[in-house]
file protein_24.txt (compact mmCIF, C-alpha atoms)
# COMPACT_ATOMS: atom_id res chain seq x y z
CA MET A 1 -84.36 195.54 -10.95
CA GLU A 2 -86.20 198.85 -10.71
CA ASP A 3 -85.57 199.65 -14.37
CA GLN A 4 -86.91 196.25 -15.37
CA PHE A 5 -90.19 196.79 -13.59
CA GLU A 6 -90.52 200.41 -14.73
CA VAL A 7 -90.87 199.04 -18.27
CA PHE A 8 -94.37 197.84 -17.34
CA GLU A 9 -95.81 201.27 -16.58
CA GLY A 10 -97.16 202.10 -20.02
CA THR A 11 -94.89 205.15 -20.38
CA LYS A 12 -92.12 203.58 -22.45
CA PRO A 13 -91.67 203.06 -26.22
CA GLN A 14 -94.10 200.92 -28.18
CA GLU A 15 -92.28 197.60 -27.87
CA GLU A 16 -92.13 197.95 -24.12
CA ASN A 17 -95.81 198.92 -24.02
CA ASP A 18 -96.50 195.74 -25.97
CA LYS A 19 -94.89 193.84 -23.12
CA VAL A 20 -97.50 195.24 -20.75
CA ALA A 21 -100.19 193.46 -22.72
CA VAL A 22 -98.19 190.26 -22.84
CA SER A 23 -97.60 190.32 -19.10
CA ASP A 24 -101.34 190.71 -18.56
CA GLU A 25 -101.96 187.63 -20.68
CA VAL A 26 -99.36 185.33 -19.14
CA GLY A 27 -99.57 186.77 -15.62
CA SER A 28 -95.86 187.43 -15.58
CA MET A 29 -95.89 190.52 -13.42
CA GLY A 30 -99.32 190.84 -11.87
CA THR A 31 -101.28 194.09 -11.47
CA ALA A 32 -100.72 196.77 -8.86
CA SER A 33 -103.91 198.03 -7.20
CA GLU A 34 -104.49 201.62 -6.09
CA GLY A 35 -103.67 200.92 -2.47
CA GLU A 36 -100.78 198.60 -3.13
CA GLY A 37 -97.35 199.65 -1.95
CA LYS A 38 -95.13 198.44 0.81
CA GLY A 39 -96.06 195.58 3.05
CA SER A 40 -96.92 192.82 0.55
CA SER A 41 -94.63 190.36 2.30
CA VAL A 42 -96.80 187.65 3.82
CA ASP A 43 -94.38 185.48 5.72
CA GLY A 44 -91.96 187.59 7.69
CA GLU A 45 -89.33 190.03 6.53
CA PRO A 46 -89.44 191.12 2.87
CA PHE A 47 -87.14 189.08 0.66
CA LEU A 48 -86.99 191.57 -2.22
CA THR A 49 -88.18 195.11 -2.94
CA VAL A 50 -88.96 196.14 -6.52
CA ARG A 51 -90.15 199.33 -8.17
CA TYR A 52 -93.50 198.92 -9.93
CA ASN A 53 -95.83 201.69 -11.14
CA HIS A 54 -93.75 204.31 -9.30
CA ARG A 55 -94.12 202.45 -6.00
CA ASP A 56 -91.96 200.18 -3.91
CA LYS A 57 -93.43 196.71 -3.71
CA GLU A 58 -92.07 194.29 -1.13
CA LEU A 59 -92.07 190.59 -2.00
CA CYS A 60 -91.66 187.61 0.27
CA GLU A 61 -89.37 184.85 -0.93
CA ASP A 62 -92.19 182.71 -2.35
CA GLU A 63 -93.61 185.68 -4.28
CA ALA A 64 -90.19 186.50 -5.70
CA LYS A 65 -89.68 182.88 -6.79
CA THR A 66 -93.10 182.75 -8.42
CA LEU A 67 -92.52 185.98 -10.34
CA ALA A 68 -89.07 184.81 -11.43
CA GLN A 69 -90.52 181.57 -12.78
CA LYS A 70 -93.30 183.42 -14.58
CA GLY A 71 -90.73 185.81 -15.97
CA LEU A 72 -88.86 182.89 -17.51
CA ALA A 73 -92.07 181.71 -19.16
CA TYR A 74 -92.73 185.28 -20.34
CA ASP A 75 -89.29 185.45 -21.98
CA SER A 76 -90.06 182.35 -24.03
CA ILE A 77 -93.59 183.46 -25.02
CA TYR A 78 -93.06 187.09 -26.00
CA PRO A 79 -90.87 186.55 -29.12
CA LYS A 80 -93.48 184.15 -30.52
CA LEU A 81 -96.29 186.63 -29.89
CA LYS A 82 -94.23 189.39 -31.45
CA ARG A 83 -93.68 187.27 -34.56
CA ALA A 84 -97.39 186.41 -34.84
CA ALA A 85 -98.31 190.09 -34.46
CA ALA A 86 -95.79 191.12 -37.12
CA LEU A 87 -97.30 188.63 -39.57
CA LYS A 88 -100.64 190.40 -39.02
CA GLY A 89 -99.03 193.80 -39.47
CA MET A 90 -99.84 194.78 -35.88
CA ASP A 91 -98.01 195.50 -32.66
CA VAL A 92 -98.30 192.93 -29.88
CA LYS A 93 -100.75 194.92 -27.76
CA ALA A 94 -103.16 195.45 -30.67
CA PHE A 95 -102.77 191.80 -31.71
CA ILE A 96 -103.78 190.51 -28.28
CA SER A 97 -106.64 192.98 -27.94
CA SER A 98 -108.04 192.20 -31.37
CA PHE A 99 -107.91 188.41 -31.21
CA GLU A 100 -111.09 187.79 -29.22
CA LYS A 101 -112.93 190.74 -30.78
CA ASP A 102 -112.23 189.48 -34.31
CA GLU A 103 -113.68 186.06 -33.50
CA GLU A 104 -116.78 187.61 -31.91
CA ASP A 105 -117.29 189.96 -34.86
CA ALA A 106 -117.01 187.04 -37.29
CA TYR A 107 -119.59 185.03 -35.33
CA ARG A 108 -121.99 188.01 -35.20
CA ALA A 109 -121.59 188.52 -38.95
CA SER A 110 -122.57 184.89 -39.55
CA LEU A 111 -125.69 185.35 -37.40
CA VAL A 112 -126.66 188.57 -39.18
CA GLU A 113 -126.28 186.82 -42.51
CA GLN A 114 -128.55 184.02 -41.29
CA TYR A 115 -131.20 185.99 -39.33
CA GLY A 116 -130.90 189.58 -40.52
CA GLU A 117 -129.51 192.71 -38.86
CA GLU A 118 -132.67 193.59 -36.91
CA SER A 119 -133.45 190.11 -35.63
CA LYS A 120 -133.69 189.74 -31.84
CA ALA A 121 -132.29 186.23 -32.29
CA VAL A 122 -128.89 187.73 -33.07
CA GLU A 123 -128.48 189.35 -29.63
CA GLY A 124 -129.89 186.30 -27.85
CA LEU A 125 -127.50 183.97 -29.63
CA MET A 126 -124.62 186.38 -28.99
CA GLU A 127 -125.35 186.25 -25.24
CA LEU A 128 -125.40 182.46 -25.40
CA TYR A 129 -122.12 182.54 -27.35
CA ARG A 130 -120.44 184.75 -24.71
CA SER A 131 -121.75 182.58 -21.89
CA LYS A 132 -120.39 179.42 -23.47
CA LYS A 133 -117.11 181.17 -24.17
CA ASP A 134 -116.76 182.30 -20.54
CA THR A 135 -117.51 178.78 -19.32
CA LEU A 136 -114.91 177.34 -21.69
CA VAL A 137 -112.28 179.84 -20.54
CA ARG A 138 -113.03 179.20 -16.85
CA GLU A 139 -112.91 175.41 -17.20
CA THR A 140 -109.73 175.55 -19.28
CA VAL A 141 -107.95 177.86 -16.83
CA ASP A 142 -109.01 175.65 -13.92
CA ARG A 143 -107.58 172.64 -15.73
CA TRP A 144 -104.35 174.51 -16.48
CA ASP A 145 -104.07 175.55 -12.82
CA GLY A 146 -104.49 171.92 -11.79
CA ASP A 147 -101.87 170.83 -14.30
CA GLU A 148 -99.51 173.56 -13.07
CA ALA A 149 -99.94 172.44 -9.46
CA LYS A 150 -99.10 168.86 -10.47
CA ARG A 151 -96.12 170.11 -12.47
CA LYS A 152 -94.76 172.01 -9.45
CA VAL A 153 -94.99 168.87 -7.32
CA SER A 154 -93.22 166.94 -10.07
CA VAL A 155 -90.45 169.57 -10.32
CA GLU A 156 -89.94 169.45 -6.54
CA GLU A 157 -89.55 165.68 -6.69
CA GLN A 158 -87.19 165.97 -9.68
CA PHE A 159 -85.08 168.52 -7.82
CA LYS A 160 -84.75 166.15 -4.84
CA ALA A 161 -83.49 163.48 -7.24
CA LEU A 162 -81.07 165.97 -8.81
CA LYS A 163 -79.86 167.06 -5.38
CA SER A 164 -79.04 163.46 -4.47
CA GLU A 165 -76.80 163.23 -7.54
CA PHE A 166 -75.35 166.75 -7.27
CA PRO A 167 -75.28 167.78 -3.57
CA ASP A 168 -73.47 171.03 -4.41
CA VAL A 169 -76.60 172.44 -6.07
CA LYS A 170 -77.96 174.83 -3.44
CA SER A 171 -81.52 175.45 -4.68
CA TYR A 172 -83.80 175.14 -7.69
CA GLU A 173 -83.50 178.88 -8.34
CA SER A 174 -79.69 178.63 -8.43
CA LEU A 175 -79.79 176.31 -11.44
CA PRO A 176 -78.51 177.72 -14.76
CA THR A 177 -81.00 179.86 -16.67
CA ASP A 178 -81.03 177.57 -19.71
CA VAL A 179 -81.94 174.61 -17.49
CA LEU A 180 -84.75 176.55 -15.78
CA ARG A 181 -86.18 177.61 -19.13
CA GLU A 182 -86.21 174.05 -20.42
CA VAL A 183 -87.92 172.77 -17.27
CA GLU A 184 -90.49 175.58 -17.37
CA GLY A 185 -91.14 174.49 -20.95
CA GLY A 186 -91.91 170.94 -19.81
CA ALA A 187 -88.53 169.23 -20.01
CA GLU A 188 -87.29 166.84 -17.32
CA LEU A 189 -84.91 168.44 -14.84
CA LEU A 190 -82.13 165.84 -14.58
CA PRO A 191 -81.63 165.35 -18.36
CA SER A 192 -81.63 169.14 -18.86
CA TYR A 193 -79.04 169.61 -16.14
CA LEU A 194 -76.87 166.76 -17.44
CA LYS A 195 -76.98 168.29 -20.93
CA HIS A 196 -75.92 171.65 -19.48
CA LYS A 197 -73.08 169.99 -17.55
CA PHE A 198 -71.91 168.15 -20.67
CA PHE A 199 -71.61 171.29 -22.78
CA GLU A 200 -70.17 173.30 -19.89
CA ASP A 201 -67.50 170.64 -19.24
CA LYS A 202 -66.80 170.51 -22.98
CA ARG A 203 -66.36 174.28 -23.06
CA VAL A 204 -64.02 174.21 -20.04
CA LYS A 205 -61.91 171.41 -21.54
CA GLU A 206 -61.62 173.30 -24.81
CA LEU A 207 -60.49 176.40 -22.92
CA GLN A 208 -57.95 174.35 -20.97
CA ARG A 209 -56.65 172.84 -24.22
CA LYS A 210 -56.15 176.29 -25.76
CA LEU A 211 -54.40 177.53 -22.64
CA ALA A 212 -52.09 174.51 -22.69
CA GLU A 213 -51.31 175.10 -26.38
CA ASN A 214 -50.55 178.76 -25.72
CA ALA A 215 -48.35 177.84 -22.77
CA ALA A 216 -46.44 175.28 -24.88
CA ALA A 217 -46.00 177.81 -27.68
CA SER A 218 -44.67 180.39 -25.22
CA ALA A 219 -42.28 177.87 -23.70
CA GLY A 220 -41.06 176.90 -27.16
CA ALA A 221 -40.41 180.51 -28.09
CA LEU A 222 -38.47 181.03 -24.85
CA GLY A 223 -36.43 177.91 -25.53
CA SER A 224 -35.54 179.17 -29.01
CA ASN A 225 -34.29 182.45 -27.58
CA GLU A 226 -32.06 180.62 -25.11
CA VAL A 227 -30.50 178.58 -27.95
CA VAL A 228 -29.82 181.74 -29.96
CA GLU A 229 -28.24 183.47 -26.93
CA SER A 230 -26.00 180.45 -26.27
CA ALA A 231 -24.77 180.44 -29.88
CA GLU A 232 -24.04 184.16 -29.74
CA GLU A 233 -22.07 183.75 -26.50
CA ALA A 234 -19.99 180.94 -28.02
CA PHE A 235 -19.24 183.05 -31.09
CA LEU A 236 -18.16 186.02 -28.98
CA LYS A 237 -15.92 183.80 -26.85
CA GLY A 238 -14.31 182.49 -30.01
CA LEU A 239 -13.56 186.01 -31.16
CA ARG A 240 -12.06 186.93 -27.81
CA GLY A 241 -9.97 183.82 -27.84

call {"tool": "encode", "arguments": {"input": "protein_24.txt", "output": "structure tokens"}}
result
Amino acid sequence: MEDQFEVFEGTKPQEENDKVAVSDEVGSMGTASEGEGKGSSVDGEPFLTVRYNHRDKELCEDEAKTLAQKGLAYDSIYPKLKRAAALKGMDVKAFISSFEKDEEDAYRASLVEQYGEESKAVEGLMELYRSKKDTLVRETVDRWDGDEAKRKVSVEEQFKALKSEFPDVKSYESLPTDVLREVEGGAELLPSYLKHKFFEDKRVKELQRKLAENAAASAGALGSNEVVESAEEAFLKGLRG
């Protein structure tokens, strides 16, 4: 666990540094403040201690669950960002940093073309552009947060339904990784789990079939040896009279 978090310190190779930028965008790991260290557990004894930015960070159970869920989302997002960056001939960190700047530069260029480089209208319109952009971002994030809250309630209800069908499932976090990833991506929990069970049962049955075939083949080979030994014994008895 420590090695995993040490990746996000900005002291590793380029690809791992790229992941720092991605984690900032998707909120997968959070940001450690100057005074942050031990004692971040908010509801009793720490559930998990991780190493982040050369410091031990204690997490309560809810924090650990949240970070694990965000980490699953991060795993599904990063390869797509990496691909998009590669198509632009950039690393992921530069790609993320340049996206907003490129749009702003293009808008400024259109204003300069319309009003001229020295026009005061350009700066005024740029301020209006940034204000509208900030409002759009804030409203969109608020809507996403609301949607995420509703999704969490929905997942909790879906897990209760799953638990009624499969009482042996201990917790949401104990579900198979492929199921969790599908649910984090918006899939329904019960169908995802049933699909996992189907392929897992199919894999187990195939393994059992191969084991049975191997056992039968071994038994057949043993039986053949016994027949050969019996024939040899009969021949030797005949020679001895």

call {"tool": "closest_residue", "arguments": {"input": "protein_24.txt", "among": "A:Gly146, A:Pro191, A:Pro176, A:Pro46", "to": "Ala161 of chain A", "atoms": "only C-alpha atoms"}}
result
A:Pro191

call {"tool": "atom_distance", "arguments": {"input": "protein_24.txt", "atom1": "atom CA of Tyr193 of chain A", "atom2": "atom CA of Val179 of chain A"}}
result
5.9 Å

call {"tool": "atom_distance", "arguments": {"input": "protein_24.txt", "atom1": "atom CA of Asp178 of chain A", "atom2": "atom CA of Ser192 of chain A"}}
result
8.5 Å

call {"tool": "residues_around", "arguments": {"input": "protein_24.txt", "residues": "segment 121-137 of chain A", "least_positions_apart": "3", "cutoff": "10 Å", "atoms": "all atoms listed in the file", "output": "PyMOL selection string"}}
result
chain A and resi 104+107-118+140-143

call {"tool": "atom_distance", "arguments": {"input": "protein_24.txt", "atom1": "atom CA of Asp145 of chain A", "atom2": "atom CA of Ser164 of chain A"}}
result
29.0 Å

call {"tool": "closest_atom_pairs", "arguments": {"input": "protein_24.txt", "of": "segment 106-221 of chain A", "to": "segment 74-87 of chain A", "cutoff": "10 Å", "atoms": "only C-alpha atoms", "output": "tab-separated table"}}
result
residue	atom	partner	partner_atom	distance
A:Arg181	CA	A:Ser76	CA	7.8
A:Glu182	CA	A:Ser76	CA	9.8
A:Glu184	CA	A:Ser76	CA	9.5
A:Gly185	CA	A:Ser76	CA	8.5
